[in-house]
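Novice: Next up, start31.cif (mmCIF, C-alpha atoms).
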```
data_input
loop_
_atom_site.label_atom_id
_atom_site.label_comp_id
_atom_site.auth_asym_id
_atom_site.auth_seq_id
_atom_site.Cartn_x
_atom_site.Cartn_y
_atom_site.Cartn_z
CA MET A 1 4.79 2.62 12.43
CA LYS A 2 6.51 -0.24 10.66
CA TYR A 3 7.48 1.93 7.67
CA PRO A 4 9.70 4.76 9.02
CA TRP A 5 11.16 5.28 5.54
CA ILE A 6 7.86 6.36 3.94
CA ASP A 7 8.27 10.15 4.21
CA GLU A 8 11.80 10.17 2.80
CA TYR A 9 10.81 7.72 0.06
CA LEU A 10 7.82 9.76 -1.10
CA LEU A 11 9.65 13.08 -0.97
CA SER A 12 12.45 11.62 -3.12
CA MET A 13 10.03 11.38 -6.07
CA PRO A 14 10.14 14.30 -8.53
CA SER A 15 7.93 17.29 -7.67
CA VAL A 16 6.30 15.70 -4.61
CA THR A 17 5.08 18.06 -1.94
CA LYS A 18 3.50 17.30 1.39
CA ASP A 19 1.19 19.14 3.71
CA LEU A 20 -0.96 18.51 6.73
CA GLN A 21 -4.69 18.54 6.02
CA ALA A 22 -5.51 19.67 9.56
CA ASP A 23 -9.27 19.04 9.34
CA TRP A 24 -8.62 15.35 8.62
CA ASN A 25 -5.25 15.09 10.42
CA TRP A 26 -3.74 13.57 7.30
CA ILE A 27 -0.23 14.10 5.95
CA ARG A 28 -0.89 14.36 2.22
CA TYR A 29 1.64 13.71 -0.53
CA GLN A 30 0.87 15.40 -3.81
CA ILE A 31 2.18 15.88 -7.29
CA GLY A 32 1.00 18.95 -9.17
CA GLY A 33 -1.50 19.64 -6.40
CA LYS A 34 -3.14 16.20 -6.68
CA MET A 35 -2.90 13.74 -3.82
CA PHE A 36 -1.50 10.29 -4.52
CA ALA A 37 -0.79 9.13 -0.94
CA ALA A 38 -1.59 10.07 2.63
CA VAL A 39 -0.60 9.02 6.11
CA CYS A 40 -3.76 9.23 8.20
CA LEU A 41 -3.10 10.13 11.82
CA ASN A 42 -5.20 9.36 14.89
CA ASN A 43 -5.95 11.76 17.75
CA ASP A 44 -2.51 11.03 19.24
CA ASN A 45 -0.88 11.88 15.87
CA LYS A 46 0.11 8.23 15.33
CA PRO A 47 -0.39 6.71 11.85
CA TYR A 48 -3.41 4.47 11.57
CA TYR A 49 -3.60 4.12 7.77
CA ILE A 50 -1.46 4.75 4.73
CA THR A 51 -3.78 5.55 1.84
CA LEU A 52 -2.88 5.40 -1.85
CA LYS A 53 -4.47 5.14 -5.28
CA LEU A 54 -4.31 2.06 -7.52
CA GLU A 55 -6.00 0.76 -10.64
CA PRO A 56 -9.25 -0.86 -9.44
CA SER A 57 -8.33 -4.41 -10.49
CA GLU A 58 -4.89 -4.16 -8.89
CA GLY A 59 -6.30 -2.81 -5.63
CA ASP A 60 -8.93 -5.55 -5.54
CA PHE A 61 -6.31 -8.24 -6.17
CA LEU A 62 -4.03 -6.95 -3.39
CA ARG A 63 -6.90 -6.59 -0.91
CA ASN A 64 -7.67 -10.27 -1.50
CA GLN A 65 -4.02 -11.21 -0.91
CA TYR A 66 -3.26 -9.15 2.22
CA PRO A 67 -5.63 -8.63 5.16
CA ASP A 68 -3.75 -5.39 5.98
CA ILE A 69 -4.80 -3.79 2.67
CA LEU A 70 -8.34 -2.44 2.87
CA PRO A 71 -10.66 -0.30 0.72
CA GLY A 72 -9.67 3.36 1.01
CA TYR A 73 -10.46 4.94 4.36
CA TYR A 74 -12.82 7.90 3.74
CA MET A 75 -12.00 7.68 0.04
CA ASN A 76 -13.51 6.19 -3.11
CA LYS A 77 -13.27 2.49 -2.31
CA VAL A 78 -12.82 1.49 -5.95
CA HIS A 79 -9.68 3.56 -6.58
CA TRP A 80 -8.17 4.08 -3.14
CA ASN A 81 -6.66 1.57 -0.73
CA SER A 82 -5.57 1.87 2.88
CA ILE A 83 -2.73 -0.09 4.47
CA ASN A 84 -2.34 -0.87 8.15
CA PRO A 85 0.93 0.91 9.11
CA ASP A 86 1.76 -1.83 11.62
CA GLY A 87 0.64 -4.72 9.43
CA GLU A 88 2.31 -7.39 7.37
CA VAL A 89 2.58 -5.75 3.95
CA PRO A 90 6.22 -6.21 2.84
CA ASP A 91 8.26 -3.01 2.46
CA GLU A 92 9.04 -3.68 -1.20
CA LEU A 93 5.36 -4.21 -2.01
CA LEU A 94 4.38 -0.98 -0.26
CA LYS A 95 7.12 0.90 -2.13
CA ASP A 96 5.83 -0.55 -5.40
CA MET A 97 2.26 0.44 -4.53
CA LEU A 98 3.34 3.99 -3.65
CA GLU A 99 5.25 4.29 -6.91
CA ARG A 100 2.27 2.98 -8.88
CA SER A 101 0.02 5.51 -7.15
CA TYR A 102 2.43 8.32 -8.02
CA LYS A 103 2.55 7.24 -11.68
CA LEU A 104 -1.21 6.80 -11.87
CA VAL A 105 -1.84 10.36 -10.69
CA LEU A 106 1.00 11.70 -12.87
CA ARG A 107 -0.61 10.10 -15.95
CA GLY A 108 -3.71 12.21 -15.31
CA PHE A 109 -1.80 15.32 -16.38
CA SER A 110 -1.11 16.42 -19.95
CA GLN A 111 2.18 15.20 -21.42
CA LYS A 112 3.54 18.74 -21.25
CA LYS A 113 2.67 18.99 -17.53
CA GLN A 114 4.12 15.51 -16.90
CA ARG A 115 7.44 16.56 -18.44
CA GLU A 116 7.40 19.73 -16.34
CA LEU A 117 6.67 17.82 -13.13
CA LEU A 118 9.39 15.27 -13.89
CA GLY A 119 11.88 18.05 -14.59
CA LEU A 120 12.28 17.01 -18.22
CA MET A 121 12.78 19.57 -20.89
CA PRO A 122 10.56 19.26 -23.94
CA SER A 123 12.42 17.87 -26.91
CA LYS A 124 13.67 20.61 -29.21
CA THR A 125 13.02 20.63 -32.91
CA SER A 126 15.60 22.53 -34.81
CA LEU A 127 15.54 23.94 -38.30
CA GLU A 128 19.28 24.50 -38.24
#
```
Would you put the structure from the file into structure tokens?
Specialist:
Amino acid sequence: MKYPWIDEYLLSMPSVTKDLQADWNWIRYQIGGKMFAAVCLNNDNKPYYITLKLEPSEGDFLRNQYPDILPGYYMNKVHWNSINPDGEVPDELLKDMLERSYKLVLRGFSQKKQRELLGLMPSKTSLE
């Protein structure tokens, strides 16, 4: 895989967990129990796609710019995108896409839950 940094990068984001979805042979990265990225493995446990979520218009734009970005493999093809792990997507673009996916899923939580997941304390109001 061209992106050996991906696991460390994703796990450096606040509250990210990973697991192996054995039935699919996918390494899933989640925040608050919701997946935002996955490394899809083949029968030899080698990555064959990196899958992530993007706004539909952004995903469509990038798919038209890079042949190695495809509609999401086994996912909703409007919201999910898959990247060839040995392709020509620049590292910085993939990092940006992964961060956007993380933020997109994070925004689906209540503001209170977002603060909790980001490790932020709610602002205190004081009557002192």
Novice: When distances are computed from all atoms listed in the file, which of A:Lys18, A:Lys53, A:Arg28, A:Lys113 shows the smallest separation from Ile69 of chain A?
Specialist: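 Once distances to Ile69 of chain A are computed over all atoms listed in the file, the minimum belongs to A:Lys53.
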Novice: Would you please work out which residue, of A:Glu88, A:Glu116, A:Asp44, A:Asp60, is nearest to Ser15 of chain A when using only C-alpha atoms?
Specialist: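 Distance minimum relative to Ser15 of chain A lands on A:Glu116.
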Novice: Please report the interatomic distance between atom CA of Glu92 of chain A and atom CA of Tyr3 of chain A in Å with one decimal.
Specialist: 10.6 Å
Novice: Show which residues sit within 12 Å of segment 33-36 of chain A, as a VMD selection string. Count only C-alpha atoms, and ignore same-chain residues fewer than 2 positions away.
Specialist: chain A and resid 10 13 15 to 21 26 to 31 38 to 39 50 to 54 75 79 to 82 97 to 109 113 117
Novice: By how many Å are atom CA of Glu55 of chain A and atom CA of Gly119 of chain A apart?
Specialist: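 Rounded to one decimal, the two atoms are 25.2 Å apart.
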